[in-house]
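protein-v3.tsv, holding TSV, C-alpha atoms and all ligand atoms:
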```tsv
chain	number	residue	atom	x	y	z
A	1	MET	CA	0.00	0.00	0.00
A	2	LYS	CA	2.74	2.36	0.99
A	3	SER	CA	4.42	2.15	-2.43
A	4	TYR	CA	1.14	3.10	-4.16
A	5	TRP	CA	0.96	6.15	-1.96
A	6	LEU	CA	4.54	7.08	-2.91
A	7	LEU	CA	3.77	6.58	-6.59
A	8	GLY	CA	0.72	8.85	-6.30
A	9	ALA	CA	2.72	11.52	-4.50
A	10	GLY	CA	5.42	11.28	-7.16
A	11	LEU	CA	2.92	11.72	-10.00
A	12	LEU	CA	1.37	14.68	-8.22
A	13	LEU	CA	4.77	16.31	-7.83
A	14	MET	CA	5.51	15.73	-11.51
A	15	ALA	CA	2.19	17.34	-12.49
A	16	VAL	CA	2.87	20.34	-10.27
A	17	GLY	CA	6.34	20.60	-11.77
A	18	ALA	CA	4.94	20.54	-15.29
A	19	LEU	CA	2.44	23.27	-14.48
A	20	ALA	CA	5.12	25.39	-12.84
A	21	GLY	CA	7.22	24.92	-15.98
A	22	CYS	CA	4.47	26.39	-18.14
A	23	THR	CA	4.04	29.49	-16.04
A	24	GLY	CA	7.74	29.86	-15.15
A	25	GLY	CA	9.29	33.22	-15.89
A	26	HIS	CA	11.79	32.20	-18.57
A	27	ALA	CA	9.38	30.21	-20.76
A	28	THR	CA	8.21	33.26	-22.65
A	29	ARG	CA	9.13	31.93	-26.11
A	30	PRO	CA	7.13	29.19	-27.76
A	31	TYR	CA	9.11	25.97	-27.81
A	32	SER	CA	8.56	25.36	-31.47
A	33	VAL	CA	8.42	28.17	-33.97
A	34	ALA	CA	6.52	27.57	-37.17
A	35	VAL	CA	8.89	27.90	-40.11
A	36	ASP	CA	7.88	27.28	-43.67
A	37	GLY	CA	10.61	24.73	-44.32
A	38	SER	CA	11.60	21.10	-43.95
A	39	PRO	CA	13.59	20.27	-40.81
A	40	GLN	CA	14.73	16.95	-42.33
A	41	HIS	CA	16.14	18.67	-45.39
A	42	GLY	CA	17.60	21.40	-43.18
A	43	ARG	CA	19.50	18.80	-41.23
A	44	GLU	CA	21.02	17.44	-44.46
A	45	LEU	CA	21.94	20.96	-45.55
A	46	ILE	CA	23.68	21.65	-42.23
A	47	VAL	CA	25.85	18.61	-42.89
A	48	HIS	CA	26.34	19.62	-46.55
A	49	TYR	CA	27.46	23.18	-45.74
A	50	GLY	CA	29.68	22.07	-42.88
A	51	CYS	CA	28.06	24.27	-40.22
A	52	GLY	CA	29.28	21.66	-37.75
A	53	ALA	CA	32.91	22.59	-38.39
A	54	CYS	CA	32.19	25.72	-36.34
A	55	HIS	CA	29.08	24.87	-34.30
A	56	THR	CA	28.03	22.14	-31.92
A	57	ILE	CA	24.49	21.27	-33.01
A	58	PRO	CA	22.30	18.76	-31.14
A	59	GLY	CA	21.06	15.84	-33.22
A	60	ILE	CA	23.97	16.06	-35.68
A	61	TYR	CA	26.72	13.74	-34.60
A	62	THR	CA	29.45	15.34	-36.69
A	63	ALA	CA	28.59	18.91	-35.65
A	64	ARG	CA	31.12	19.36	-32.87
A	65	GLY	CA	32.77	22.68	-33.80
A	66	LEU	CA	33.79	25.22	-31.19
A	67	VAL	CA	34.52	28.27	-33.36
A	68	GLY	CA	31.00	29.70	-33.08
A	69	PRO	CA	28.48	29.37	-30.26
A	70	PRO	CA	26.79	26.01	-29.68
A	71	LEU	CA	23.23	26.02	-31.02
A	72	PHE	CA	21.67	24.17	-28.07
A	73	PHE	CA	18.06	25.14	-27.24
A	74	TRP	CA	17.90	27.32	-30.34
A	75	SER	CA	14.12	27.81	-30.16
A	76	ARG	CA	14.49	29.34	-26.72
A	77	ARG	CA	17.27	31.79	-27.58
A	78	THR	CA	16.40	35.46	-27.54
A	79	MET	CA	19.03	36.94	-29.86
A	80	ILE	CA	20.91	35.95	-33.01
A	81	ALA	CA	24.63	36.72	-32.74
A	82	GLY	CA	23.73	39.37	-30.16
A	83	GLU	CA	22.42	41.50	-33.02
A	84	LEU	CA	18.89	40.53	-34.03
A	85	PRO	CA	15.81	39.26	-32.19
A	86	ASN	CA	15.54	35.52	-32.76
A	87	ASN	CA	12.64	34.96	-35.14
A	88	PRO	CA	12.39	32.93	-38.37
A	89	GLU	CA	12.74	35.90	-40.71
A	90	ASN	CA	15.90	37.16	-39.01
A	91	LEU	CA	17.40	33.69	-38.73
A	92	VAL	CA	16.95	33.12	-42.47
A	93	ARG	CA	18.64	36.49	-43.15
A	94	TRP	CA	21.51	35.59	-40.85
A	95	ILE	CA	22.12	32.16	-42.38
A	96	GLU	CA	22.06	33.61	-45.92
A	97	ASN	CA	24.57	36.36	-45.29
A	98	PRO	CA	25.99	36.94	-41.80
A	99	PRO	CA	28.52	39.66	-42.74
A	100	ALA	CA	25.67	41.76	-44.17
A	101	ILE	CA	24.25	41.89	-40.63
A	102	GLU	CA	27.48	41.99	-38.66
A	103	PRO	CA	30.46	43.18	-40.68
A	104	GLY	CA	33.64	41.43	-39.60
A	105	THR	CA	31.88	38.39	-38.10
A	106	ALA	CA	33.81	35.13	-38.24
A	107	MET	CA	30.79	33.38	-39.78
A	108	PRO	CA	31.24	33.52	-43.55
A	109	ASN	CA	28.65	33.86	-46.28
A	110	LEU	CA	28.42	30.23	-47.34
A	111	GLY	CA	26.15	30.86	-50.34
A	112	VAL	CA	23.07	29.32	-48.73
A	113	THR	CA	19.99	30.09	-50.87
A	114	PRO	CA	16.79	31.50	-49.28
A	115	PRO	CA	14.82	28.20	-49.52
A	116	GLN	CA	17.78	26.31	-48.06
A	117	ALA	CA	18.09	28.85	-45.24
A	118	ARG	CA	14.39	28.29	-44.43
A	119	ASP	CA	14.94	24.53	-44.19
A	120	ILE	CA	17.99	25.03	-41.97
A	121	ALA	CA	16.03	27.45	-39.76
A	122	ALA	CA	13.21	24.88	-39.53
A	123	TYR	CA	15.73	22.36	-38.16
A	124	LEU	CA	17.26	24.80	-35.69
A	125	TYR	CA	13.82	25.66	-34.30
A	126	THR	CA	13.24	22.00	-33.47
A	127	LEU	CA	16.02	22.37	-30.86
A	128	GLN	CA	14.16	23.02	-27.63
B	201	LIG	C1	33.75	29.32	-40.15
B	201	LIG	C2	32.92	29.06	-39.01
B	201	LIG	C3	31.41	29.06	-39.16
B	201	LIG	C4	30.64	28.33	-40.05
B	201	LIG	C5	31.11	27.40	-41.15
B	201	LIG	C6	29.27	28.60	-39.67
B	201	LIG	N1	29.20	29.46	-38.62
B	201	LIG	FE1	27.52	30.11	-37.70
B	201	LIG	N2	28.63	31.31	-36.53
B	201	LIG	C7	30.01	31.36	-36.50
B	201	LIG	C8	30.43	32.36	-35.55
B	201	LIG	C9	31.87	32.73	-35.19
B	201	LIG	C10	29.25	32.90	-35.00
B	201	LIG	C11	29.15	34.01	-33.97
B	201	LIG	C12	28.86	35.26	-34.77
B	201	LIG	C13	28.82	36.51	-33.99
B	201	LIG	O1	28.28	36.54	-32.87
B	201	LIG	O2	29.33	37.48	-34.53
B	201	LIG	C14	28.15	32.22	-35.63
B	201	LIG	C15	26.82	32.44	-35.33
B	201	LIG	C16	25.77	31.66	-35.77
B	201	LIG	C17	24.44	31.73	-35.28
B	201	LIG	C18	23.97	32.64	-34.16
B	201	LIG	C19	24.43	31.99	-32.87
B	201	LIG	C20	24.10	32.73	-31.61
B	201	LIG	O3	24.46	32.20	-30.54
B	201	LIG	O4	23.50	33.79	-31.64
B	201	LIG	C21	23.71	30.78	-35.95
B	201	LIG	C22	22.26	30.44	-35.75
B	201	LIG	C23	24.59	30.15	-36.88
B	201	LIG	N3	25.84	30.69	-36.74
B	201	LIG	C24	24.23	29.15	-37.76
B	201	LIG	C25	25.09	28.61	-38.71
B	201	LIG	C26	24.67	27.72	-39.75
B	201	LIG	C27	23.25	27.21	-39.94
B	201	LIG	C28	25.77	27.43	-40.49
B	201	LIG	C29	25.86	26.60	-41.75
B	201	LIG	C30	25.02	27.01	-42.85
B	201	LIG	C31	26.89	28.12	-39.88
B	201	LIG	N4	26.43	28.84	-38.81
B	201	LIG	C32	28.19	28.03	-40.33
B	201	LIG	C33	30.87	30.61	-37.25
B	201	LIG	C34	30.50	29.76	-38.27
```
Once more with this new file: its structure as structure tokens, please.
Ligand code: HEC
Amino acid sequence: MKSYWLLGAGLLLMAVGALAGCTGGHATRPYSVAVDGSPQHGRELIVHYGCGACHTIPGIYTARGLVGPPLFFWSRRTMIAGELPNNPENLVRWIENPPAIEPGTAMPNLGVTPPQARDIAAYLYTLQ
């Protein structure tokens, strides 16, 4: 009997924790941002363009770079490169041509096309 009681108490605590998580102060951004693109294709493009040479990116085994910031929890990040509010439109602009936004940045223009940048953004916004 006692173990049932403990199980019940544990479930209750988990439910309270989940509710607190929803109303918690830092969860102001939606966890998944709708982007008109294919996350699966975006993942392939990230490998193709070698983003992982400079970035550590969850879900991509070979993306272990340490030149740029790790892209953990991308959907929860507030800013892009400390320059732009993190939203799909700005992320696509950044991926297409970073030096146009931040002259002198170490992230090069890799020649990513707008539809490709949308797919890549769609993948990055799956990172919660
Ligand atoms: C040669 C290294 C290099 C490559 C390749 C590279 N990046 Fe970057 N990236 C950087 C650096 C350095 C920054 C930090 C820029 C800054 O803050 O000025 C950055 C910043 C970013 C940011 C913003 C990160 C943040 O914390 O705000 C994103 C998103 C990003 N890169 C995505 C990509 C994607 C997607 C690719 C592949 C298409 C890519 N990067 C390829 C070096 C690189």
| query | Counting all atoms listed in the file, what is within 10 Å of Leu84 (chain A), bar same-chain residues fewer than 4 positions away, as an NGL selection string? | reply | :A and (78-80 or 90-91 or 93-94 or 101-102)
Writer output for current selection, C-alpha atoms, as an mmCIF file, in the coordinates of the input:
```
data_model
loop_
_atom_site.group_PDB
_atom_site.id
_atom_site.type_symbol
_atom_site.label_atom_id
_atom_site.label_comp_id
_atom_site.auth_asym_id
_atom_site.auth_seq_id
_atom_site.Cartn_x
_atom_site.Cartn_y
_atom_site.Cartn_z
ATOM 1 C CA THR A 78 16.400 35.460 -27.540
ATOM 2 C CA MET A 79 19.030 36.940 -29.860
ATOM 3 C CA ILE A 80 20.910 35.950 -33.010
ATOM 4 C CA ASN A 90 15.900 37.160 -39.010
ATOM 5 C CA LEU A 91 17.400 33.690 -38.730
ATOM 6 C CA ARG A 93 18.640 36.490 -43.150
ATOM 7 C CA TRP A 94 21.510 35.590 -40.850
ATOM 8 C CA ILE A 101 24.250 41.890 -40.630
ATOM 9 C CA GLU A 102 27.480 41.990 -38.660
#
```
| message | Between A:Leu45, A:Leu124, A:Ile60, A:Ala81, which residue has the minimum interatomic distance to ligand LIG 201 (chain B), considering all atoms listed in the file? | response | A:Ala81
| message | as a ChimeraX atom specification, please: every protein or nucleic acid residue near ligand LIG 201 (chain B) (cut-off 6 Å, counting all atoms listed in the file). | response | /A:46,49-51,53-54,67-69,79-82,95,105-108
| Separation of CA of Ala122 (chain A) from CA of Val92 (chain A), in Å and rounded to one decimal |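 Going from CA of Ala122 (chain A) over to CA of Val92 (chain A) covers 9.5 Å.
From CA of Tyr123 (chain A) back to CA of Phe72 (chain A), the distance works out to 11.8 Å.
Across the structure, CA of Arg64 (chain A) and CA of His41 (chain A) are spaced 19.5 Å apart.
For the residues A:Leu127, A:Glu89, A:Gly52, A:Ile120, ranking by smallest atom-to-atom distance to Ser38 (chain A) using only C-alpha atoms places A:Ile120 first.
For Asp119 (chain A), the residues within 6 Å (counting only C-alpha atoms, excluding itself and residues fewer than 5 positions away along the chain) are Gly37, Ser38, Pro39 and Gly42 of chain A.
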| said: Under the rule that all atoms listed in the file are counted, which of A:Glu96, A:Pro58, A:Arg77, A:Gly104 is the nearest residue to Arg118 (chain A)? | reply: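 Selected residue with least distance to Arg118 (chain A): A:Glu96.
Distances from A:Thr62, A:Asn97, A:Thr126, A:Thr113 to Val35 (chain A) were compared using all atoms listed in the file, and the smallest one belongs to A:Thr126.
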